[in-house]
Amino acid sequence: MTAQRVGICGIGIVSGYGWGRELLWDGLMSGKPAATAASGLGPAPGDTAWAARVPDGGDPRDGASRFARAMRAAAREAIVDAGLRGWSPGRRVGLLHAVVLGEVDLWRDFYTTRDGTLSVHEYLALMPSTPMSMLMQEYGFHGPAMTVSAMCASGNAGLITAKSWLDAGVVDDVVFVATDLSLTPENILHFVRLGVAVIDAEPLEACRPFQQGSRGFIMGEASVSFVVSARAGRPYAETLGGAMSHDAHHVTSIDPALTQVVNCIRDALDNTGVPASAVRYLNAHGPGTLQCDRAEAAVLERLFPARTNIYSVKPLTGHCQGAASAVEVAVTALAYDRGVVPAPPTVAPGHPQLLDGPTPITGGITVKSSLGMGGHNSAVVLAPPA
C-alpha cells in the first residue's frame, strides 16, 4: 500500500446556519453562534432549549426526513463543488457515511405516533442503506458503500477510512458524508443529565473551550460532505493521514493518564511523517467540558511548540455529535482556501495559545483531534495544497 497526499476537492454543508457551505462560513466569520432558543426541545413540553438545529429545507424528493434530505444535499453540493474545481469521477467512486444516530425523527415517529404501522416504502426510509443507495443511483457510482461510526470521532474515522481506501487502490475517489440530525427533547435531556450539554444559556456564555467559566456544550446538528481524491484539480486542503486509538477505560470519561490520547496524536504524526514542530494549529475537539479541555490543553503543551495555536468552533456551530469532526475538518479546509481561521471570539481569560476571533492563517500543518464518547481517540493531519 502506497501512501499519498489526498485532496479534499469538494465540500458541502448543511448546518444550524442553514443549507449550504457559504452560510456556515458567513456564520463563523460573523462570530454569532448558530444556536437559538428553540421551543419544544426542553425537558418538559413547550420548554425552550438553546440548540443549533438544522432548519427545515432541502428537496422533498430526497426523502421524508431532514436527515435524508440533508445527507443528499450536502453530498450533492460537494460533488458539484468538486466538479467546478476540476474533479471528474473515476470508474470506482466509493461512498462512506458517518452515522451515530440515523433517522431519529422517523424512528421517533414510528414508535410514538405511528404505533409501528408503516407502508413498506415508509419502513425502508428508516434503513441507513436507503439514502446511500439513492445517492449511488443518482450518480451511477459503483464503488464500495458503507457506514462508519465512532461517536463524536466519526468524521475523522470516515476521512481516515477514505484515505486508506485510496491508498490501497480500492477506489479512485470517495464521497464522504457525516450526518447527525438527532436533536429531540429526549436526546437533549440525557446529554444534560450526563452533565455535558447546556440548554439554559446563550452559547458564548455556556461553551468556552479553553477559557474560564465553561460549562459544557450547546448541542448542534449537521451534515457535511467531502469529495476526497488523489486526482483533485484544486483541492481545498490535503489529508496527509491520521490515527485512532481507544482508551479502554470508561463509557464516558477520558482516562486521566491521557496515554492513549497522546499516543494517538503521536501515531498520526508518525503515520504522516510530520514532526510536531511543524504543526501550526490544533483544531481541537474542544467541547468546553472540563475533562476534554484539560486533556487537549495537556496534549498541546506536551507535544507541540509554543507557537502552535489552538481553537474550537463548537461555541459557534454547536456540538454536532457524529458530524462534529467533519464540520471541523471542513473549517480547516475552508480556512486554507480563504486565508482565515474563523475562530470564535474569546469571552473570558483562557489558554495563552488560544485564537481569539477570525485570524489570518499562516499556512502550516493542522492536527484535527476528536475524542468520541466511550474512549474513541482520533487525529487527522491536514495541510494546505502543495
# chains A, B, ... in the order shown; residues from 1 in each chain; ligands from 1
call {"tool": "select_by_dssp", "arguments": {"residues": "segment 120-162 of chain A", "states": "strand (DSSP E)", "output": "NGL selection string"}}
result
:A and (145-148)
call {"tool": "write_last_selection", "arguments": {"atoms": "C-alpha atoms", "output": "PDB file, in the first residue's frame"}}
result
ATOM      1  CA  ALA A 145     -20.547   1.953   0.090  1.00  0.00           C
ATOM      2  CA  MET A 146     -20.690   1.613   3.862  1.00  0.00           C
ATOM      3  CA  THR A 147     -21.296   3.434   7.125  1.00  0.00           C
ATOM      4  CA  VAL A 148     -18.690   4.266   9.775  1.00  0.00           C
TER       5      VAL A 148
END
call {"tool": "residues_around", "arguments": {"residues": "Asp173 of chain A", "least_positions_apart": "5", "cutoff": "6 Å", "atoms": "only C-alpha atoms", "output": "PyMOL selection string"}}
result
chain A and resi 93+228-229
call {"tool": "closest_atom_pairs", "arguments": {"of": "segment 27-58 of chain A", "to": "segment 200-222 of chain A", "cutoff": "9 Å", "atoms": "only C-alpha atoms", "output": "Markdown table"}}
result
| residue | atom | partner | partner_atom | distance |
| --- | --- | --- | --- | --- |
| A:Lys32 | CA | A:Leu204 | CA | 8.9 |
| A:Pro33 | CA | A:Pro203 | CA | 6.6 |
| A:Ala34 | CA | A:Gly220 | CA | 8.4 |
| A:Ala35 | CA | A:Pro203 | CA | 7.0 |
| A:Thr36 | CA | A:Glu202 | CA | 8.1 |
| A:Ala37 | CA | A:Glu202 | CA | 8.1 |
| A:Thr48 | CA | A:Asp200 | CA | 8.2 |
| A:Ala49 | CA | A:Asp200 | CA | 6.2 |
| A:Trp50 | CA | A:Asp200 | CA | 6.4 |
| A:Ala51 | CA | A:Met219 | CA | 5.2 |
| A:Ala52 | CA | A:Gly220 | CA | 4.3 |
| A:Arg53 | CA | A:Glu221 | CA | 5.4 |
| A:Val54 | CA | A:Glu221 | CA | 5.8 |
call {"tool": "write_last_selection", "arguments": {"atoms": "N, CA, C and O atoms", "output": "PDB file, in the first residue's frame"}}
result
ATOM      1  N   LYS A  32     -21.206  34.969  15.377  1.00  0.00           N
ATOM      2  CA  LYS A  32     -22.509  34.763  16.002  1.00  0.00           C
ATOM      3  C   LYS A  32     -22.847  33.274  15.983  1.00  0.00           C
ATOM      4  O   LYS A  32     -22.854  32.641  14.930  1.00  0.00           O
ATOM      5  N   PRO A  33     -23.161  32.665  17.120  1.00  0.00           N
ATOM      6  CA  PRO A  33     -23.483  31.236  17.144  1.00  0.00           C
ATOM      7  C   PRO A  33     -24.711  30.898  16.320  1.00  0.00           C
ATOM      8  O   PRO A  33     -25.626  31.709  16.146  1.00  0.00           O
ATOM      9  N   ALA A  34     -24.727  29.666  15.813  1.00  0.00           N
ATOM     10  CA  ALA A  34     -25.874  29.172  15.045  1.00  0.00           C
ATOM     11  C   ALA A  34     -27.062  28.850  15.933  1.00  0.00           C
ATOM     12  O   ALA A  34     -28.195  28.800  15.453  1.00  0.00           O
ATOM     13  N   ALA A  35     -26.833  28.617  17.215  1.00  0.00           N
ATOM     14  CA  ALA A  35     -27.901  28.159  18.111  1.00  0.00           C
ATOM     15  C   ALA A  35     -28.921  29.257  18.374  1.00  0.00           C
ATOM     16  O   ALA A  35     -28.599  30.450  18.409  1.00  0.00           O
ATOM     17  N   THR A  36     -30.146  28.821  18.570  1.00  0.00           N
ATOM     18  CA  THR A  36     -31.231  29.689  19.005  1.00  0.00           C
ATOM     19  C   THR A  36     -31.940  29.009  20.177  1.00  0.00           C
ATOM     20  O   THR A  36     -31.760  27.811  20.411  1.00  0.00           O
ATOM     21  N   ALA A  37     -32.737  29.783  20.892  1.00  0.00           N
ATOM     22  CA  ALA A  37     -33.551  29.210  21.963  1.00  0.00           C
ATOM     23  C   ALA A  37     -34.798  28.617  21.313  1.00  0.00           C
ATOM     24  O   ALA A  37     -35.768  29.318  21.023  1.00  0.00           O
ATOM     25  N   THR A  48     -38.129  25.695  26.157  1.00  0.00           N
ATOM     26  CA  THR A  48     -37.113  26.048  25.166  1.00  0.00           C
ATOM     27  C   THR A  48     -35.765  25.488  25.576  1.00  0.00           C
ATOM     28  O   THR A  48     -35.518  25.195  26.749  1.00  0.00           O
ATOM     29  N   ALA A  49     -34.903  25.334  24.585  1.00  0.00           N
ATOM     30  CA  ALA A  49     -33.530  24.893  24.828  1.00  0.00           C
ATOM     31  C   ALA A  49     -32.643  25.530  23.770  1.00  0.00           C
ATOM     32  O   ALA A  49     -33.017  25.574  22.591  1.00  0.00           O
ATOM     33  N   TRP A  50     -31.496  26.017  24.182  1.00  0.00           N
ATOM     34  CA  TRP A  50     -30.531  26.530  23.217  1.00  0.00           C
ATOM     35  C   TRP A  50     -29.946  25.355  22.438  1.00  0.00           C
ATOM     36  O   TRP A  50     -29.409  24.407  23.016  1.00  0.00           O
ATOM     37  N   ALA A  51     -30.053  25.405  21.108  1.00  0.00           N
ATOM     38  CA  ALA A  51     -29.534  24.336  20.264  1.00  0.00           C
ATOM     39  C   ALA A  51     -29.332  24.865  18.854  1.00  0.00           C
ATOM     40  O   ALA A  51     -30.072  25.747  18.400  1.00  0.00           O
ATOM     41  N   ALA A  52     -28.327  24.328  18.153  1.00  0.00           N
ATOM     42  CA  ALA A  52     -28.046  24.705  16.762  1.00  0.00           C
ATOM     43  C   ALA A  52     -28.659  23.640  15.855  1.00  0.00           C
ATOM     44  O   ALA A  52     -27.978  22.777  15.295  1.00  0.00           O
ATOM     45  N   ARG A  53     -29.973  23.706  15.720  1.00  0.00           N
ATOM     46  CA  ARG A  53     -30.725  22.703  14.963  1.00  0.00           C
ATOM     47  C   ARG A  53     -30.774  23.078  13.483  1.00  0.00           C
ATOM     48  O   ARG A  53     -30.928  24.250  13.139  1.00  0.00           O
ATOM     49  N   VAL A  54     -30.637  22.093  12.612  1.00  0.00           N
ATOM     50  CA  VAL A  54     -30.770  22.335  11.181  1.00  0.00           C
ATOM     51  C   VAL A  54     -32.209  22.722  10.869  1.00  0.00           C
ATOM     52  O   VAL A  54     -33.140  22.000  11.241  1.00  0.00           O
TER      53      VAL A  54
END
call {"tool": "atom_distance", "arguments": {"atom1": "atom CA of Val381 of chain A", "atom2": "atom CA of Ala268 of chain A"}}
result
6.9 Å
call {"tool": "residues_around", "arguments": {"residues": "segment 230-242 of chain A", "least_positions_apart": "2", "cutoff": "7 Å", "atoms": "only C-alpha atoms", "output": "VMD selection string"}}
result
chain A and resid 5 to 9 85 to 87 160 268 271 to 272 333 to 334 336 to 337 379 to 385
call {"tool": "write_last_selection", "arguments": {"atoms": "C-alpha atoms", "output": "mmCIF file, in the first residue's frame"}}
result
data_model
loop_
_atom_site.group_PDB
_atom_site.id
_atom_site.type_symbol
_atom_site.label_atom_id
_atom_site.label_comp_id
_atom_site.auth_asym_id
_atom_site.auth_seq_id
_atom_site.Cartn_x
_atom_site.Cartn_y
_atom_site.Cartn_z
ATOM 1 C CA ARG A 5 -1.370 13.119 -0.445
ATOM 2 C CA VAL A 6 -5.142 13.054 -0.830
ATOM 3 C CA GLY A 7 -7.068 16.216 -1.606
ATOM 4 C CA ILE A 8 -10.371 17.462 -0.215
ATOM 5 C CA CYS A 9 -11.615 18.835 -3.525
ATOM 6 C CA ARG A 85 -12.684 22.810 -9.083
ATOM 7 C CA GLY A 86 -11.538 20.403 -11.800
ATOM 8 C CA TRP A 87 -12.500 16.960 -10.466
ATOM 9 C CA ILE A 160 -9.078 8.106 7.675
ATOM 10 C CA ALA A 268 -0.915 10.333 13.442
ATOM 11 C CA ASN A 271 1.877 7.984 10.024
ATOM 12 C CA THR A 272 2.310 11.159 8.010
ATOM 13 C CA ALA A 333 -10.126 23.171 4.628
ATOM 14 C CA LEU A 334 -12.067 26.393 4.030
ATOM 15 C CA TYR A 336 -6.681 27.230 3.999
ATOM 16 C CA ASP A 337 -8.637 28.224 0.902
ATOM 17 C CA ALA A 379 -6.428 12.711 14.905
ATOM 18 C CA VAL A 380 -6.230 13.741 11.249
ATOM 19 C CA VAL A 381 -3.271 15.652 9.818
ATOM 20 C CA LEU A 382 -4.200 18.321 7.250
ATOM 21 C CA ALA A 383 -2.029 20.563 5.087
ATOM 22 C CA PRO A 384 -2.584 23.402 2.644
ATOM 23 C CA PRO A 385 -2.476 22.315 -1.010
#
call {"tool": "select_by_dssp", "arguments": {"residues": "segment 144-355 of chain A", "states": "helix (DSSP H, G or I)", "output": "ChimeraX atom specification"}}
result
/A:154-168,185-193,203-206,259-272,276-278,290-303,314-317,321-338
call {"tool": "residues_around", "arguments": {"residues": "Ala276 of chain A", "least_positions_apart": "3", "cutoff": "12 Å", "atoms": "only C-alpha atoms", "output": "list in words"}}
result
Val262, Ile265, Arg266, Asp267, Ala268, Leu269, Asp270, Thr272, Gly273, Val279, Arg280, Tyr281, Leu282, Val299, Leu300, Glu301, Arg302, Leu303, Phe304, Pro305, Ala306, Arg307, Thr308, Gly364, Ile365, Thr366, Val367 and Val381 of chain A
call {"tool": "closest_residue", "arguments": {"among": "A:Gly374, A:Asp109, A:Cys264, A:Val341", "to": "Thr362 of chain A", "atoms": "only C-alpha atoms"}}
result
A:Val341
call {"tool": "residues_around", "arguments": {"residues": "Asn377 of chain A", "least_positions_apart": "3", "cutoff": "8 Å", "atoms": "only C-alpha atoms", "output": "PyMOL selection string"}}
result
chain A and resi 153+244-247+260-261+264+369-372
call {"tool": "closest_residue", "arguments": {"among": "A:Pro344, A:Gly116, A:Gly27, A:Gly288", "to": "Tyr311 of chain A", "atoms": "only C-alpha atoms"}}
result
A:Pro344
call {"tool": "closest_residue", "arguments": {"among": "A:Gly18, A:Ser325, A:Ala297, A:Ser378", "to": "Gly350 of chain A", "atoms": "only C-alpha atoms"}}
result
A:Ala297
call {"tool": "closest_residue", "arguments": {"among": "A:Met373, A:Ala64, A:Leu24, A:Val251", "to": "Cys152 of chain A", "atoms": "only C-alpha atoms"}}
result
A:Met373
call {"tool": "closest_atom_pairs", "arguments": {"of": "segment 278-361 of chain A", "to": "segment 98-102 of chain A", "cutoff": "10 Å", "atoms": "only C-alpha atoms", "output": "tab-separated table"}}
result
residue	atom	partner	partner_atom	distance
A:Gln321	CA	A:Val100	CA	7.9
A:Gly322	CA	A:Val100	CA	5.4
A:Ala323	CA	A:Ala98	CA	7.3
A:Ala326	CA	A:Ala98	CA	9.1
call {"tool": "write_last_selection", "arguments": {"atoms": "N, CA, C and O atoms", "output": "PDB file, in the first residue's frame"}}
result
ATOM      1  N   GLN A 321     -22.219  16.221  17.316  1.00  0.00           N
ATOM      2  CA  GLN A 321     -22.215  14.790  17.619  1.00  0.00           C
ATOM      3  C   GLN A 321     -21.482  13.994  16.533  1.00  0.00           C
ATOM      4  O   GLN A 321     -20.313  14.222  16.299  1.00  0.00           O
ATOM      5  N   GLY A 322     -22.157  13.067  15.864  1.00  0.00           N
ATOM      6  CA  GLY A 322     -21.490  12.222  14.879  1.00  0.00           C
ATOM      7  C   GLY A 322     -20.930  12.969  13.691  1.00  0.00           C
ATOM      8  O   GLY A 322     -20.086  12.440  12.961  1.00  0.00           O
ATOM      9  N   ALA A 323     -21.391  14.198  13.459  1.00  0.00           N
ATOM     10  CA  ALA A 323     -20.868  15.012  12.355  1.00  0.00           C
ATOM     11  C   ALA A 323     -19.873  16.063  12.828  1.00  0.00           C
ATOM     12  O   ALA A 323     -19.378  16.853  12.014  1.00  0.00           O
ATOM     13  N   ALA A 326     -16.317  16.222  11.256  1.00  0.00           N
ATOM     14  CA  ALA A 326     -16.401  16.556   9.834  1.00  0.00           C
ATOM     15  C   ALA A 326     -16.623  18.053   9.644  1.00  0.00           C
ATOM     16  O   ALA A 326     -16.030  18.677   8.756  1.00  0.00           O
TER      17      ALA A 326
END
